[in-house]
>>> print(open('query33.pdb').read())   # PDB, C-alpha atoms
ATOM      1  CA  MET A  19     135.418 115.318 147.685
ATOM      2  CA  ALA A  20     134.148 117.630 150.388
ATOM      3  CA  GLU A  21     130.603 117.363 149.044
ATOM      4  CA  ARG A  22     130.757 113.548 149.148
ATOM      5  CA  LEU A  23     131.942 113.613 152.751
ATOM      6  CA  LYS A  24     129.094 115.943 153.654
ATOM      7  CA  THR A  25     126.396 113.783 152.051
ATOM      8  CA  ARG A  26     127.580 110.441 153.373
ATOM      9  CA  PRO A  27     126.381 110.938 156.989
ATOM     10  CA  VAL A  28     123.011 112.107 155.683
ATOM     11  CA  ASP A  29     122.692 109.028 153.486
ATOM     12  CA  ARG A  30     123.551 106.798 156.417
ATOM     13  CA  VAL A  31     120.889 108.463 158.524
ATOM     14  CA  LYS A  32     118.320 107.912 155.763
ATOM     15  CA  VAL A  33     119.251 104.245 155.437
ATOM     16  CA  ASP A  34     119.092 103.704 159.198
ATOM     17  CA  ALA A  35     115.727 105.464 159.405
ATOM     18  CA  SER A  36     114.353 103.381 156.539
ATOM     19  CA  ALA A  37     115.584 100.172 158.170
ATOM     20  CA  ARG A  38     113.966 101.100 161.488
ATOM     21  CA  PHE A  39     110.709 101.964 159.714
ATOM     22  CA  ASN A  40     110.639  98.643 157.856
ATOM     23  CA  ALA A  41     111.360  96.761 161.072
ATOM     24  CA  LYS A  42     108.394  98.430 162.801
ATOM     25  CA  MET A  43     105.967  97.792 159.937
ATOM     26  CA  PRO A  44     103.325  95.115 160.601
ATOM     27  CA  LEU A  45     103.527  91.919 158.590
ATOM     28  CA  ASN A  46     100.385  92.570 156.522
ATOM     29  CA  TYR A  47     101.680  96.003 155.488
ATOM     30  CA  LYS A  48     104.971  94.446 154.396
ATOM     31  CA  LEU A  49     103.125  91.910 152.267
ATOM     32  CA  LEU A  50     101.028  94.612 150.641
ATOM     33  CA  SER A  51     104.058  96.802 150.006
ATOM     34  CA  THR A  52     105.858  93.959 148.207
ATOM     35  CA  HIS A  53     102.896  93.521 145.827
ATOM     36  CA  ARG A  54     102.116  97.176 145.154
ATOM     37  CA  HIS A  55     103.525  96.895 141.630
ATOM     38  CA  MET A  56     101.130  94.127 140.591
ATOM     39  CA  SER A  57      99.913  94.470 137.011
ATOM     40  CA  LEU A  58      96.148  95.001 137.034
ATOM     41  CA  THR A  59      96.056  94.502 133.268
ATOM     42  CA  PHE A  60      97.587  91.047 133.619
ATOM     43  CA  LEU A  61      95.157  90.248 136.457
ATOM     44  CA  PHE A  62      92.101  91.190 134.367
ATOM     45  CA  ILE A  63      93.403  89.174 131.403
ATOM     46  CA  CYS A  64      93.743  86.113 133.646
ATOM     47  CA  LEU A  65      90.213  86.585 135.008
ATOM     48  CA  ILE A  66      88.793  86.910 131.489
ATOM     49  CA  LEU A  67      90.576  83.729 130.386
ATOM     50  CA  VAL A  68      89.315  81.826 133.438
ATOM     51  CA  CYS A  69      85.719  82.943 132.829
ATOM     52  CA  PHE A  70      85.992  82.062 129.148
ATOM     53  CA  GLY A  71      87.365  78.622 130.035
ATOM     54  CA  LEU A  72      84.513  77.964 132.463
ATOM     55  CA  LEU A  73      81.990  79.022 129.832
ATOM     56  CA  MET A  74      83.529  76.682 127.254
ATOM     57  CA  MET A  75      83.625  73.889 129.831
ATOM     58  CA  PHE A  76      79.915  74.332 130.545
ATOM     59  CA  SER A  77      79.130  74.388 126.828
ATOM     60  CA  ALA A  78      80.983  71.100 126.319
ATOM     61  CA  SER A  79      79.743  69.292 129.436
ATOM     62  CA  TYR A  80      76.128  70.264 129.992
ATOM     63  CA  GLY A  81      74.853  67.364 127.862
ATOM     64  CA  VAL A  82      76.976  64.790 129.692
ATOM     65  CA  SER A  83      76.029  66.316 133.037
ATOM     66  CA  PHE A  84      72.342  66.161 132.132
ATOM     67  CA  ILE A  85      72.540  62.489 131.138
ATOM     68  CA  GLN A  86      74.590  61.462 134.178
ATOM     69  CA  SER A  87      72.352  63.239 136.669
ATOM     70  CA  SER A  88      69.240  61.900 134.938
ATOM     71  CA  ALA A  89      70.563  58.338 135.061
ATOM     72  CA  GLY A  90      71.494  58.709 138.721
ATOM     73  CA  LEU A  91      68.066  60.085 139.594
ATOM     74  CA  ARG A  92      66.344  57.301 137.693
ATOM     75  CA  THR A  93      68.352  54.726 139.632
ATOM     76  CA  GLN A  94      67.441  56.292 142.973
ATOM     77  CA  LEU A  95      63.740  56.460 142.124
ATOM     78  CA  ASP A  96      63.779  52.918 140.774
ATOM     79  CA  ILE A  97      65.299  51.622 144.014
ATOM     80  CA  ALA A  98      62.835  53.633 146.087
ATOM     81  CA  GLY A  99      59.938  52.425 143.959
ATOM     82  CA  GLY A 100      58.872  55.916 142.958
ATOM     83  CA  LEU A 101      59.501  55.663 139.211
ATOM     84  CA  ASP A 102      56.354  55.604 137.108
ATOM     85  CA  GLU A 103      57.173  53.670 133.928
ATOM     86  CA  SER A 104      53.979  54.911 132.253
ATOM     87  CA  SER A 105      55.018  58.565 132.521
ATOM     88  CA  PRO A 106      55.996  60.082 129.132
ATOM     89  CA  VAL A 107      58.654  62.229 130.794
ATOM     90  CA  ARG A 108      60.180  59.493 132.949
ATOM     91  CA  ALA A 109      63.478  59.678 130.989
ATOM     92  CA  ILE A 110      63.909  63.401 131.631
ATOM     93  CA  LEU A 111      63.003  63.731 135.301
ATOM     94  CA  GLU A 112      64.686  66.610 137.116
ATOM     95  CA  ALA A 113      68.206  66.338 135.713
ATOM     96  CA  ASP A 114      70.908  68.918 136.492
ATOM     97  CA  ALA A 115      72.862  70.105 133.449
ATOM     98  CA  THR A 116      75.171  72.306 135.534
ATOM     99  CA  ALA A 117      76.549  69.658 137.912
ATOM    100  CA  LEU A 118      79.961  69.275 136.245
ATOM    101  CA  ALA A 119      80.326  73.006 135.570
ATOM    102  CA  ARG A 120      79.390  73.843 139.161
ATOM    103  CA  LYS A 121      82.011  71.398 140.441
ATOM    104  CA  GLN A 122      84.619  73.016 138.186
ATOM    105  CA  VAL A 123      83.693  76.497 139.444
ATOM    106  CA  ILE A 124      84.175  75.358 143.050
ATOM    107  CA  LEU A 125      87.571  73.862 142.229
ATOM    108  CA  THR A 126      88.571  77.031 140.348
ATOM    109  CA  VAL A 127      87.640  79.305 143.250
ATOM    110  CA  ALA A 128      89.464  77.050 145.729
ATOM    111  CA  GLY A 129      92.565  76.950 143.537
ATOM    112  CA  THR A 130      92.470  80.726 143.105
ATOM    113  CA  LEU A 131      92.317  81.298 146.856
ATOM    114  CA  VAL A 132      95.247  78.938 147.413
ATOM    115  CA  ALA A 133      97.237  80.697 144.672
ATOM    116  CA  ILE A 134      96.496  84.120 146.199
ATOM    117  CA  PHE A 135      97.607  82.892 149.620
ATOM    118  CA  ILE A 136     100.849  81.450 148.244
ATOM    119  CA  GLY A 137     101.493  84.584 146.194
ATOM    120  CA  ALA A 138     100.976  86.794 149.252
ATOM    121  CA  CYS A 139     103.247  84.763 151.528
ATOM    122  CA  VAL A 140     106.040  83.804 149.124
ATOM    123  CA  ARG A 141     108.083  86.273 147.137
ATOM    124  CA  PHE A 142     107.671  85.448 143.468
ATOM    125  CA  ARG A 143     111.409  85.800 142.854
ATOM    126  CA  GLN A 144     111.917  82.612 144.835
ATOM    127  CA  PHE A 145     110.318  80.736 141.929
ATOM    128  CA  THR A 146     113.017  81.992 139.549
ATOM    129  CA  ARG A 147     115.818  80.143 141.338
ATOM    130  CA  PRO A 148     117.753  77.864 138.936
ATOM    131  CA  VAL A 149     117.429  74.849 141.255
ATOM    132  CA  LEU A 150     113.636  75.023 141.176
ATOM    133  CA  GLY A 151     113.711  75.328 137.389
ATOM    134  CA  ILE A 152     115.845  72.192 137.077
ATOM    135  CA  LEU A 153     113.584  70.229 139.440
ATOM    136  CA  LEU A 154     110.486  71.389 137.569
ATOM    137  CA  TYR A 155     111.958  70.390 134.214
ATOM    138  CA  LEU A 156     112.917  66.934 135.508
ATOM    139  CA  LEU A 157     109.471  66.433 137.068
ATOM    140  CA  VAL A 158     107.606  67.284 133.864
ATOM    141  CA  THR A 159     109.969  65.256 131.673
ATOM    142  CA  VAL A 160     109.776  62.157 133.885
ATOM    143  CA  SER A 161     105.970  62.369 134.069
ATOM    144  CA  LEU A 162     105.696  62.635 130.270
ATOM    145  CA  VAL A 163     108.040  59.673 129.748
ATOM    146  CA  TYR A 164     106.179  57.609 132.354
ATOM    147  CA  CYS A 165     102.864  58.469 130.701
ATOM    148  CA  ARG A 166     104.226  57.244 127.380
ATOM    149  CA  VAL A 167     105.357  53.934 128.911
ATOM    150  CA  GLN A 168     102.782  53.183 131.622
ATOM    151  CA  GLY A 169      99.981  55.655 130.935
ATOM    152  CA  THR A 170      96.307  54.750 130.587
ATOM    153  CA  VAL A 171      94.943  54.473 127.042
ATOM    154  CA  ILE A 172      91.569  56.157 126.489
ATOM    155  CA  ASN A 173      90.088  56.480 123.006
ATOM    156  CA  GLY A 174      93.376  55.443 121.435
ATOM    157  CA  ALA A 175      95.466  58.099 123.229
ATOM    158  CA  ARG A 176      97.900  57.422 126.063
ATOM    159  CA  ARG A 177      97.569  60.728 127.899
ATOM    160  CA  TRP A 178      96.573  59.916 131.466
ATOM    161  CA  ILE A 179      98.329  58.693 134.607
ATOM    162  CA  ASN A 180      96.179  57.040 137.262
ATOM    163  CA  LEU A 181      96.672  58.132 140.868
ATOM    164  CA  GLY A 182      94.293  55.924 142.778
ATOM    165  CA  SER A 183      90.757  57.133 142.160
ATOM    166  CA  ASN A 184      91.964  60.192 140.240
ATOM    167  CA  SER A 185      93.957  60.713 137.067
ATOM    168  CA  PHE A 186      95.740  63.613 135.419
ATOM    169  CA  GLN A 187      97.394  64.501 132.135
ATOM    170  CA  PRO A 188     101.138  65.265 132.298
ATOM    171  CA  SER A 189     100.662  67.507 129.260
ATOM    172  CA  GLU A 190      98.597  69.852 131.445
ATOM    173  CA  LEU A 191     101.502  69.982 133.888
ATOM    174  CA  ALA A 192     103.819  70.720 130.956
ATOM    175  CA  LYS A 193     101.685  73.710 129.917
ATOM    176  CA  ILE A 194     102.060  75.354 133.316
ATOM    177  CA  GLY A 195     105.628  74.132 133.722
ATOM    178  CA  ALA A 196     106.699  75.733 130.444
ATOM    179  CA  VAL A 197     105.630  79.159 131.723
ATOM    180  CA  PHE A 198     107.442  78.873 135.066
ATOM    181  CA  PHE A 199     110.495  77.135 133.618
ATOM    182  CA  LEU A 200     111.057  79.654 130.825
ATOM    183  CA  ALA A 201     110.348  82.614 133.115
ATOM    184  CA  GLY A 202     112.917  81.385 135.630
ATOM    185  CA  TYR A 203     115.422  80.530 132.913
ATOM    186  CA  PHE A 204     115.252  83.930 131.207
ATOM    187  CA  SER A 205     115.357  85.715 134.560
ATOM    188  CA  HIS A 206     118.540  83.831 135.432
ATOM    189  CA  ARG A 207     119.990  84.561 131.984
ATOM    190  CA  SER A 208     119.233  88.262 132.405
ATOM    191  CA  ARG A 209     121.119  88.404 135.696
ATOM    192  CA  THR A 210     124.005  86.410 134.220
ATOM    193  CA  ARG A 211     124.302  88.712 131.214
ATOM    194  CA  LYS A 212     124.386  91.783 133.443
ATOM    195  CA  LEU A 213     127.240  90.264 135.431
ATOM    196  CA  GLU A 214     129.099  89.351 132.247
ATOM    197  CA  MET A 215     128.695  92.860 130.854
ATOM    198  CA  LYS A 216     129.956  94.323 134.111
ATOM    199  CA  ARG A 217     133.023  92.080 134.076
ATOM    200  CA  THR A 218     133.925  92.757 130.454
ATOM    201  CA  SER A 219     133.203  96.491 130.482
ATOM    202  CA  ASP A 220     136.657  97.270 131.934
ATOM    203  CA  VAL A 221     138.481  94.655 129.860
ATOM    204  CA  ARG A 222     139.655  95.563 126.363
ATOM    205  CA  LEU A 223     141.497  92.873 124.450
ATOM    206  CA  SER A 224     143.762  94.580 121.929
ATOM    207  CA  GLY A 225     143.626  92.922 118.514
ATOM    208  CA  ARG A 226     141.130  90.242 119.614
ATOM    209  CA  THR A 227     138.201  92.403 120.615
ATOM    210  CA  GLY A 228     136.201  91.676 117.465
ATOM    211  CA  GLU A 229     136.725  87.911 117.658
ATOM    212  CA  HIS A 230     135.894  87.851 121.349
ATOM    213  CA  HIS A 231     132.762  89.917 120.743
ATOM    214  CA  LYS A 232     131.615  87.586 117.942
ATOM    215  CA  THR A 233     132.130  84.492 120.095
ATOM    216  CA  SER A 234     130.260  86.115 122.961
ATOM    217  CA  LEU A 235     127.301  86.970 120.726
ATOM    218  CA  ASN A 236     127.135  83.419 119.358
ATOM    219  CA  LYS A 237     127.187  81.999 122.866
ATOM    220  CA  GLN A 238     124.504  84.399 124.039
ATOM    221  CA  ALA A 239     122.303  83.567 121.047
ATOM    222  CA  PHE A 240     122.634  79.852 121.793
ATOM    223  CA  LEU A 241     121.862  80.227 125.503
ATOM    224  CA  ASP A 242     119.060  82.775 125.021
ATOM    225  CA  VAL A 243     117.231  81.156 122.078
ATOM    226  CA  THR A 244     118.471  77.760 120.924
ATOM    227  CA  TRP A 245     119.013  76.009 124.255
ATOM    228  CA  PRO A 246     115.611  76.808 125.872
ATOM    229  CA  ALA A 247     113.892  75.965 122.566
ATOM    230  CA  LEU A 248     115.583  72.546 122.551
ATOM    231  CA  LEU A 249     114.598  71.879 126.154
ATOM    232  CA  VAL A 250     110.928  72.714 125.572
ATOM    233  CA  SER A 251     110.971  70.765 122.282
ATOM    234  CA  VAL A 252     111.469  67.593 124.334
ATOM    235  CA  TRP A 253     108.104  68.218 126.010
ATOM    236  CA  ILE A 254     106.465  69.018 122.680
ATOM    237  CA  VAL A 255     107.667  65.764 121.091
ATOM    238  CA  LEU A 256     106.613  63.670 124.108
ATOM    239  CA  THR A 257     103.176  65.304 123.983
ATOM    240  CA  LEU A 258     102.797  64.790 120.229
ATOM    241  CA  ILE A 259     103.467  61.042 120.393
ATOM    242  CA  GLN A 260     100.685  60.479 122.954
ATOM    243  CA  PRO A 261      99.047  61.788 120.635
ATOM    244  CA  HIS A 262      97.880  65.189 121.933
ATOM    245  CA  LEU A 263      98.168  67.745 119.143
ATOM    246  CA  SER A 264      96.310  70.599 120.851
ATOM    247  CA  GLY A 265      98.438  70.266 123.993
ATOM    248  CA  ALA A 266     101.647  70.305 121.948
ATOM    249  CA  VAL A 267     100.489  73.438 120.105
ATOM    250  CA  ILE A 268      99.739  75.217 123.393
ATOM    251  CA  ILE A 269     103.145  74.296 124.843
ATOM    252  CA  ALA A 270     104.865  75.496 121.668
TER     253      ALA A 270
END
>>> encode(input="query33.pdb", output="structure tokens")
Amino acid sequence: MAERLKTRPVDRVKVDASARFNAKMPLNYKLLSTHRHMSLTFLFICLILVCFGLLMMFSASYGVSFIQSSAGLRTQLDIAGGLDESSPVRAILEADATALARKQVILTVAGTLVAIFIGACVRFRQFTRPVLGILLYLLVTVSLVYCRVQGTVINGARRWINLGSNSFQPSELAKIGAVFFLAGYFSHRSRTRKLEMKRTSDVRLSGRTGEHHKTSLNKQAFLDVTWPALLVSVWIVLTLIQPHLSGAVIIA
């Protein structure tokens, strides 16, 4: 008891000193200190996947980009009167096969900078709040249902929703939403289970301990495995009936 009384003032002094130090820290140092445990391995994996995706996008789009840019250049020269119909290379001209890939690279860099800014200013634990998870799930589900009812049909698949001059696929939103939704859900479940274990650690039900423990395990198994699987299965089914098999496989 005497030792505890001796150490308590020292601990208070340490806490007060730490609080004063944190209050005097500049804002940029605080932001860096909150992200000092960032996983470099995860960062490099993300960069590799982004580069691989851009490479695959260029491989799939360079032919279309070449044809589109060639057709546009032919139209401009035809209007200006500079197109020589007798030229054997008039159909090739100076087409750009990297136009679509270059546009995608610019959008990727811009999106990455925005994501870095948001990640530096907002604590990531704010995204694990249950309310945000519920709103995200409702947003993705409503967009998938709307796409099924009022979506645009292209090549026999109803996958797109028109937003003025642009369009997007709700299944792409579901891919990202599944990551954030499940991460927030399991984070909330982890905190809930710790609280439940703390509450039941001091409670011993004589004669009913085994039954209570079995019921608790069944409930935990349902909430930790079955329930999130059922929720995500709704997105998978709505994506399959578009049809969009590859998107459903990625979500699953």
>>> closest_residue(input="query33.pdb", among="A:Gln122, A:Thr146, A:Thr116, A:Thr130", to="A:Tyr80", atoms="all atoms listed in the file")
A:Thr116
>>> resolve_selection(input="query33.pdb", expression="the PyMOL selection byres ((chain A and resi 248-265) around 8)", output="JSON, numbers by chain")
{"A": [158, 159, 162, 163, 166, 175, 176, 177, 189, 190, 192, 193, 196, 244, 245, 246, 247, 266, 267, 268, 269, 270]}
>>> residues_near_point(input="query33.pdb", point="(102.6, 61.4, 134.7)", cutoff="6 Å", atoms="only C-alpha atoms", output="ChimeraX atom specification")
/A:161-162,164-165,179,188
>>> resolve_selection(input="query33.pdb", expression="the PyMOL selection byres ((chain A and resi 149-152) around 8)", output="ChimeraX atom specification")
/A:145-148,153-156,198-199,202-203
>>> write_last_selection(input="query33.pdb", atoms="C-alpha atoms", output="CSV table (one decimal), in the coordinates of the input")
chain,number,residue,atom,x,y,z
A,145,PHE,CA,110.3,80.7,141.9
A,146,THR,CA,113.0,82.0,139.5
A,147,ARG,CA,115.8,80.1,141.3
A,148,PRO,CA,117.8,77.9,138.9
A,153,LEU,CA,113.6,70.2,139.4
A,154,LEU,CA,110.5,71.4,137.6
A,155,TYR,CA,112.0,70.4,134.2
A,156,LEU,CA,112.9,66.9,135.5
A,198,PHE,CA,107.4,78.9,135.1
A,199,PHE,CA,110.5,77.1,133.6
A,202,GLY,CA,112.9,81.4,135.6
A,203,TYR,CA,115.4,80.5,132.9
>>> atom_distance(input="query33.pdb", atom1="atom CA of A:Gly137", atom2="atom CA of A:Ser57")
13.6 Å
>>> atom_distance(input="query33.pdb", atom1="atom CA of A:Leu241", atom2="atom CA of A:Thr210")
10.9 Å
>>> atom_distance(input="query33.pdb", atom1="atom CA of A:Val167", atom2="atom CA of A:Leu200")
26.4 Å
>>> build_atoms(input="query33.pdb", residues="stretch 152-188 of chain A", atoms="N, CA and C atoms", output="CSV table (one decimal), keeping the file's coordinate frame")
chain,number,residue,atom,x,y,z
A,152,ILE,N,115.3,73.5,137.4
A,152,ILE,CA,115.8,72.2,137.1
A,152,ILE,C,114.9,71.1,137.6
A,153,LEU,N,114.5,71.2,138.9
A,153,LEU,CA,113.6,70.2,139.4
A,153,LEU,C,112.3,70.2,138.7
A,154,LEU,N,111.7,71.3,138.3
A,154,LEU,CA,110.5,71.4,137.6
A,154,LEU,C,110.6,70.7,136.2
A,155,TYR,N,111.7,71.0,135.5
A,155,TYR,CA,112.0,70.4,134.2
A,155,TYR,C,112.1,68.9,134.3
A,156,LEU,N,112.8,68.4,135.3
A,156,LEU,CA,112.9,66.9,135.5
A,156,LEU,C,111.6,66.3,135.9
A,157,LEU,N,110.8,67.0,136.7
A,157,LEU,CA,109.5,66.4,137.1
A,157,LEU,C,108.6,66.3,135.9
A,158,VAL,N,108.5,67.3,135.0
A,158,VAL,CA,107.6,67.3,133.9
A,158,VAL,C,108.1,66.2,132.9
A,159,THR,N,109.4,66.2,132.6
A,159,THR,CA,110.0,65.3,131.7
A,159,THR,C,109.7,63.8,132.1
A,160,VAL,N,110.0,63.5,133.4
A,160,VAL,CA,109.8,62.2,133.9
A,160,VAL,C,108.3,61.8,133.8
A,161,SER,N,107.4,62.7,134.1
A,161,SER,CA,106.0,62.4,134.1
A,161,SER,C,105.5,62.1,132.6
A,162,LEU,N,106.1,62.9,131.7
A,162,LEU,CA,105.7,62.6,130.3
A,162,LEU,C,106.2,61.3,129.8
A,163,VAL,N,107.5,61.0,130.2
A,163,VAL,CA,108.0,59.7,129.7
A,163,VAL,C,107.3,58.5,130.4
A,164,TYR,N,106.9,58.7,131.7
A,164,TYR,CA,106.2,57.6,132.4
A,164,TYR,C,104.8,57.4,131.7
A,165,CYS,N,104.2,58.6,131.4
A,165,CYS,CA,102.9,58.5,130.7
A,165,CYS,C,103.0,57.7,129.4
A,166,ARG,N,104.0,57.9,128.7
A,166,ARG,CA,104.2,57.2,127.4
A,166,ARG,C,104.4,55.7,127.6
A,167,VAL,N,105.0,55.3,128.7
A,167,VAL,CA,105.4,53.9,128.9
A,167,VAL,C,104.2,53.2,129.7
A,168,GLN,N,103.7,53.8,130.7
A,168,GLN,CA,102.8,53.2,131.6
A,168,GLN,C,101.5,53.9,131.7
A,169,GLY,N,101.2,54.9,130.9
A,169,GLY,CA,100.0,55.7,130.9
A,169,GLY,C,98.8,54.9,130.5
A,170,THR,N,97.6,55.4,130.9
A,170,THR,CA,96.3,54.8,130.6
A,170,THR,C,95.8,55.2,129.2
A,171,VAL,N,95.4,54.2,128.4
A,171,VAL,CA,94.9,54.5,127.0
A,171,VAL,C,93.4,54.7,127.1
A,172,ILE,N,93.0,55.8,126.6
A,172,ILE,CA,91.6,56.2,126.5
A,172,ILE,C,91.3,56.7,125.1
A,173,ASN,N,90.4,56.1,124.4
A,173,ASN,CA,90.1,56.5,123.0
A,173,ASN,C,91.3,56.5,122.1
A,174,GLY,N,92.2,55.6,122.3
A,174,GLY,CA,93.4,55.4,121.4
A,174,GLY,C,94.5,56.4,121.8
A,175,ALA,N,94.4,57.2,122.8
A,175,ALA,CA,95.5,58.1,123.2
A,175,ALA,C,96.0,57.8,124.6
A,176,ARG,N,97.3,57.7,124.8
A,176,ARG,CA,97.9,57.4,126.1
A,176,ARG,C,98.3,58.8,126.7
A,177,ARG,N,97.3,59.4,127.4
A,177,ARG,CA,97.6,60.7,127.9
A,177,ARG,C,97.5,60.8,129.4
A,178,TRP,N,96.9,59.8,130.1
A,178,TRP,CA,96.6,59.9,131.5
A,178,TRP,C,97.4,59.0,132.3
A,179,ILE,N,97.7,59.5,133.6
A,179,ILE,CA,98.3,58.7,134.6
A,179,ILE,C,97.4,58.5,135.8
A,180,ASN,N,97.1,57.3,136.2
A,180,ASN,CA,96.2,57.0,137.3
A,180,ASN,C,96.9,57.2,138.6
A,181,LEU,N,96.2,57.9,139.5
A,181,LEU,CA,96.7,58.1,140.9
A,181,LEU,C,95.6,57.7,141.8
A,182,GLY,N,95.4,56.4,142.0
A,182,GLY,CA,94.3,55.9,142.8
A,182,GLY,C,93.0,56.1,142.1
A,183,SER,N,92.1,56.9,142.7
A,183,SER,CA,90.8,57.1,142.2
A,183,SER,C,90.8,58.3,141.2
A,184,ASN,N,91.9,59.0,141.1
A,184,ASN,CA,92.0,60.2,140.2
A,184,ASN,C,93.0,59.9,139.2
A,185,SER,N,93.0,60.8,138.2
A,185,SER,CA,94.0,60.7,137.1
A,185,SER,C,94.2,62.1,136.6
A,186,PHE,N,95.4,62.3,136.0
A,186,PHE,CA,95.7,63.6,135.4
A,186,PHE,C,96.6,63.4,134.2
A,187,GLN,N,96.6,64.5,133.4
A,187,GLN,CA,97.4,64.5,132.1
A,187,GLN,C,98.7,65.2,132.4
A,188,PRO,N,99.8,64.6,132.2
A,188,PRO,CA,101.1,65.3,132.3
A,188,PRO,C,101.3,66.4,131.3
